[in-house]
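Structure first, commentary second.
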Amino acid sequence: IVSIDGKDLQRMSANDFKMYCKKRPLRFVVERALAEDAQTKDIPAAVEFVAEEGTAKLGVAFQGLPPGHLQVKMCTAGSWAESVGIQAGDQIVSIEGQDVEGMSADDFMMYCQRRPVRFLVKRAGTEEVQAEDRGEVVQDPQRCSPC
């Protein structure tokens, strides 16, 4: 664990750690080093991320918009998405428990503006993530401005 609720774990006292662990929702960032011979099957297939109140923008651009697969194209440096470890190639599976494959682009953009908002993300490099692009390619960067 690298941080809990945005606080660096190395600078946290044991009492503060216990206090943060009792809070809900609990947000933490985990860093995992893979051995040189590690297989991609060792990477967790899916991770849930929560953008809490006060998160202005998510800082993520997608290969396309729903309906269809929603693959991360890039994360803005210093953004919420980068800080929680979302990476290019990751696939957004659901937002607020709703499957994005059957969701309209307008509904997806509406959810992206809510706080808190929960994302279930399939990690790039896991067998479950589809590498090919589907749906429309975002040509206009303003189209993802709420994200």
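Numbering starts fresh at 1 for the residues of each chain in the structure tokens, the chains themselves are lettered A, B, ... in the order given, and ligands are numbered from 1 as they appear.
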
Determine, for each residue of stretch 66-94 of chain A having at least one atom at most 6 Å from an atom of stretch 44-61 of chain A, the closest pair of atoms and their separation in Å to one decimal, counting only C-alpha atoms; order by chain and ascending number, as a tab-separated table.
```
residue	atom	partner	partner_atom	distance
A:Lys73	CA	A:Ala61	CA	5.4
A:Met74	CA	A:Ala61	CA	5.4
A:Cys75	CA	A:Val60	CA	4.4
A:Thr76	CA	A:Gly59	CA	5.0
A:Ser79	CA	A:Gly59	CA	5.0
A:Trp80	CA	A:Leu58	CA	5.3
A:Ala81	CA	A:Leu58	CA	5.6
```

Output all heavy atoms of each residue in that selection to a file, as a PDB file, in the first residue's frame.
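Below is the file out-v2.pdb, written as the result:
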```pdb
ATOM      1  N   LYS A  73      -7.249   5.621 -23.540  1.00  0.00           N
ATOM      2  CA  LYS A  73      -6.235   6.021 -24.521  1.00  0.00           C
ATOM      3  C   LYS A  73      -5.038   6.637 -23.808  1.00  0.00           C
ATOM      4  O   LYS A  73      -3.900   6.346 -24.125  1.00  0.00           O
ATOM      5  CB  LYS A  73      -6.836   7.027 -25.501  1.00  0.00           C
ATOM      6  CG  LYS A  73      -5.892   7.493 -26.567  1.00  0.00           C
ATOM      7  CD  LYS A  73      -6.605   8.429 -27.533  1.00  0.00           C
ATOM      8  CE  LYS A  73      -5.682   8.874 -28.646  1.00  0.00           C
ATOM      9  NZ  LYS A  73      -6.376   9.747 -29.594  1.00  0.00           N
ATOM     10  N   MET A  74      -5.305   7.531 -22.824  1.00  0.00           N
ATOM     11  CA  MET A  74      -4.223   8.190 -22.088  1.00  0.00           C
ATOM     12  C   MET A  74      -4.768   8.827 -20.816  1.00  0.00           C
ATOM     13  O   MET A  74      -5.963   9.054 -20.698  1.00  0.00           O
ATOM     14  CB  MET A  74      -3.554   9.261 -22.937  1.00  0.00           C
ATOM     15  CG  MET A  74      -4.487  10.402 -23.308  1.00  0.00           C
ATOM     16  SD  MET A  74      -3.652  11.859 -23.946  1.00  0.00           S
ATOM     17  CE  MET A  74      -3.029  12.560 -22.438  1.00  0.00           C
ATOM     18  N   CYS A  75      -3.872   9.084 -19.880  1.00  0.00           N
ATOM     19  CA  CYS A  75      -4.197   9.816 -18.657  1.00  0.00           C
ATOM     20  C   CYS A  75      -3.362  11.093 -18.645  1.00  0.00           C
ATOM     21  O   CYS A  75      -2.186  11.074 -19.017  1.00  0.00           O
ATOM     22  CB  CYS A  75      -3.884   8.993 -17.415  1.00  0.00           C
ATOM     23  SG  CYS A  75      -4.903   7.534 -17.255  1.00  0.00           S
ATOM     24  N   THR A  76      -3.965  12.172 -18.201  1.00  0.00           N
ATOM     25  CA  THR A  76      -3.266  13.447 -18.101  1.00  0.00           C
ATOM     26  C   THR A  76      -2.298  13.405 -16.923  1.00  0.00           C
ATOM     27  O   THR A  76      -2.640  12.925 -15.843  1.00  0.00           O
ATOM     28  CB  THR A  76      -4.291  14.583 -17.885  1.00  0.00           C
ATOM     29  OG1 THR A  76      -5.240  14.541 -18.942  1.00  0.00           O
ATOM     30  CG2 THR A  76      -3.615  15.933 -17.833  1.00  0.00           C
ATOM     31  N   SER A  79      -3.138  13.997 -13.003  1.00  0.00           N
ATOM     32  CA  SER A  79      -4.598  13.893 -12.851  1.00  0.00           C
ATOM     33  C   SER A  79      -4.991  12.849 -11.816  1.00  0.00           C
ATOM     34  O   SER A  79      -4.170  12.046 -11.357  1.00  0.00           O
ATOM     35  CB  SER A  79      -5.224  13.520 -14.197  1.00  0.00           C
ATOM     36  OG  SER A  79      -4.856  12.189 -14.549  1.00  0.00           O
ATOM     37  N   TRP A  80      -6.277  12.839 -11.485  1.00  0.00           N
ATOM     38  CA  TRP A  80      -6.829  11.813 -10.596  1.00  0.00           C
ATOM     39  C   TRP A  80      -6.554  10.432 -11.178  1.00  0.00           C
ATOM     40  O   TRP A  80      -6.095   9.543 -10.464  1.00  0.00           O
ATOM     41  CB  TRP A  80      -8.342  12.029 -10.408  1.00  0.00           C
ATOM     42  CG  TRP A  80      -8.985  10.871  -9.719  1.00  0.00           C
ATOM     43  CD1 TRP A  80      -9.037  10.662  -8.373  1.00  0.00           C
ATOM     44  CD2 TRP A  80      -9.617   9.746 -10.326  1.00  0.00           C
ATOM     45  NE1 TRP A  80      -9.665   9.465  -8.111  1.00  0.00           N
ATOM     46  CE2 TRP A  80     -10.035   8.886  -9.304  1.00  0.00           C
ATOM     47  CE3 TRP A  80      -9.863   9.373 -11.639  1.00  0.00           C
ATOM     48  CZ2 TRP A  80     -10.700   7.690  -9.546  1.00  0.00           C
ATOM     49  CZ3 TRP A  80     -10.528   8.175 -11.885  1.00  0.00           C
ATOM     50  CH2 TRP A  80     -10.932   7.351 -10.848  1.00  0.00           C
ATOM     51  N   ALA A  81      -6.838  10.251 -12.477  1.00  0.00           N
ATOM     52  CA  ALA A  81      -6.668   8.941 -13.106  1.00  0.00           C
ATOM     53  C   ALA A  81      -5.229   8.441 -12.968  1.00  0.00           C
ATOM     54  O   ALA A  81      -5.000   7.281 -12.628  1.00  0.00           O
ATOM     55  CB  ALA A  81      -7.076   9.002 -14.581  1.00  0.00           C
TER      56      ALA A  81
END
```

**Q.** Top pick for closest residue to A:Arg118, considering A:Ser83, A:Gln98, A:Gln91, A:Ser104 and counting only C-alpha atoms
**A.** A:Gln98

Q) What is the atom CA of A:Tyr111-atom CA of A:Ala77 distance in Å, reported with one decimal? A)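 A separation of 22.3 Å between them.
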
Q. Hey, what's within 9 Å of A:Gly102 if we count only C-alpha atoms and toss same-chain stuff fewer than 2 positions away? As a list in words, please?
A.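 In the requested form, the answer reads Pro66, Pro67, Gly68, Gln98, Asp99, Val100 and Ser104 of chain A.
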
Based on the selection just made, write N, CA, C and O atoms of those residues as a short mmCIF file (atom, residue, chain, number, x, y, z; two decimals), in the first residue's frame.
```cif
data_model
loop_
_atom_site.label_atom_id
_atom_site.label_comp_id
_atom_site.auth_asym_id
_atom_site.auth_seq_id
_atom_site.Cartn_x
_atom_site.Cartn_y
_atom_site.Cartn_z
N PRO A 66 -19.04 4.84 -25.25
CA PRO A 66 -20.09 3.82 -25.34
C PRO A 66 -21.15 4.23 -26.37
O PRO A 66 -21.26 5.42 -26.66
N PRO A 67 -21.94 3.31 -26.86
CA PRO A 67 -21.93 1.90 -26.49
C PRO A 67 -20.73 1.17 -27.10
O PRO A 67 -20.17 1.61 -28.08
N GLY A 68 -20.36 0.08 -26.47
CA GLY A 68 -19.22 -0.70 -26.89
C GLY A 68 -18.12 -0.66 -25.85
O GLY A 68 -18.29 -0.09 -24.77
N GLN A 98 -23.09 0.18 -13.64
CA GLN A 98 -23.77 0.05 -14.93
C GLN A 98 -22.76 -0.34 -16.00
O GLN A 98 -21.73 0.31 -16.16
N ASP A 99 -23.06 -1.40 -16.74
CA ASP A 99 -22.19 -1.89 -17.80
C ASP A 99 -22.08 -0.83 -18.90
O ASP A 99 -23.09 -0.37 -19.42
N VAL A 100 -20.85 -0.42 -19.25
CA VAL A 100 -20.68 0.65 -20.24
C VAL A 100 -20.93 0.17 -21.66
O VAL A 100 -21.23 0.99 -22.53
N SER A 104 -25.40 4.59 -23.31
CA SER A 104 -25.25 5.64 -24.33
C SER A 104 -24.06 6.53 -23.95
O SER A 104 -23.68 6.62 -22.79
#
```

**Q.** One-decimal distance in Å that lies between atom CA of A:Gly89 and atom CA of A:Gln71
**A.** 5.9 Å

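Each of A:Val93, A:Leu65, A:Leu9, A:Ala88 was compared to A:Cys21 using only C-alpha atoms, and A:Leu9 turns out to be the nearest.
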
**Q.** d(atom CA of A:Phe62, atom CA of A:Gly6) in Å
**A.**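 Taking atom CA of A:Phe62 as the start and atom CA of A:Gly6 as the end point, the length is 24.8 Å.
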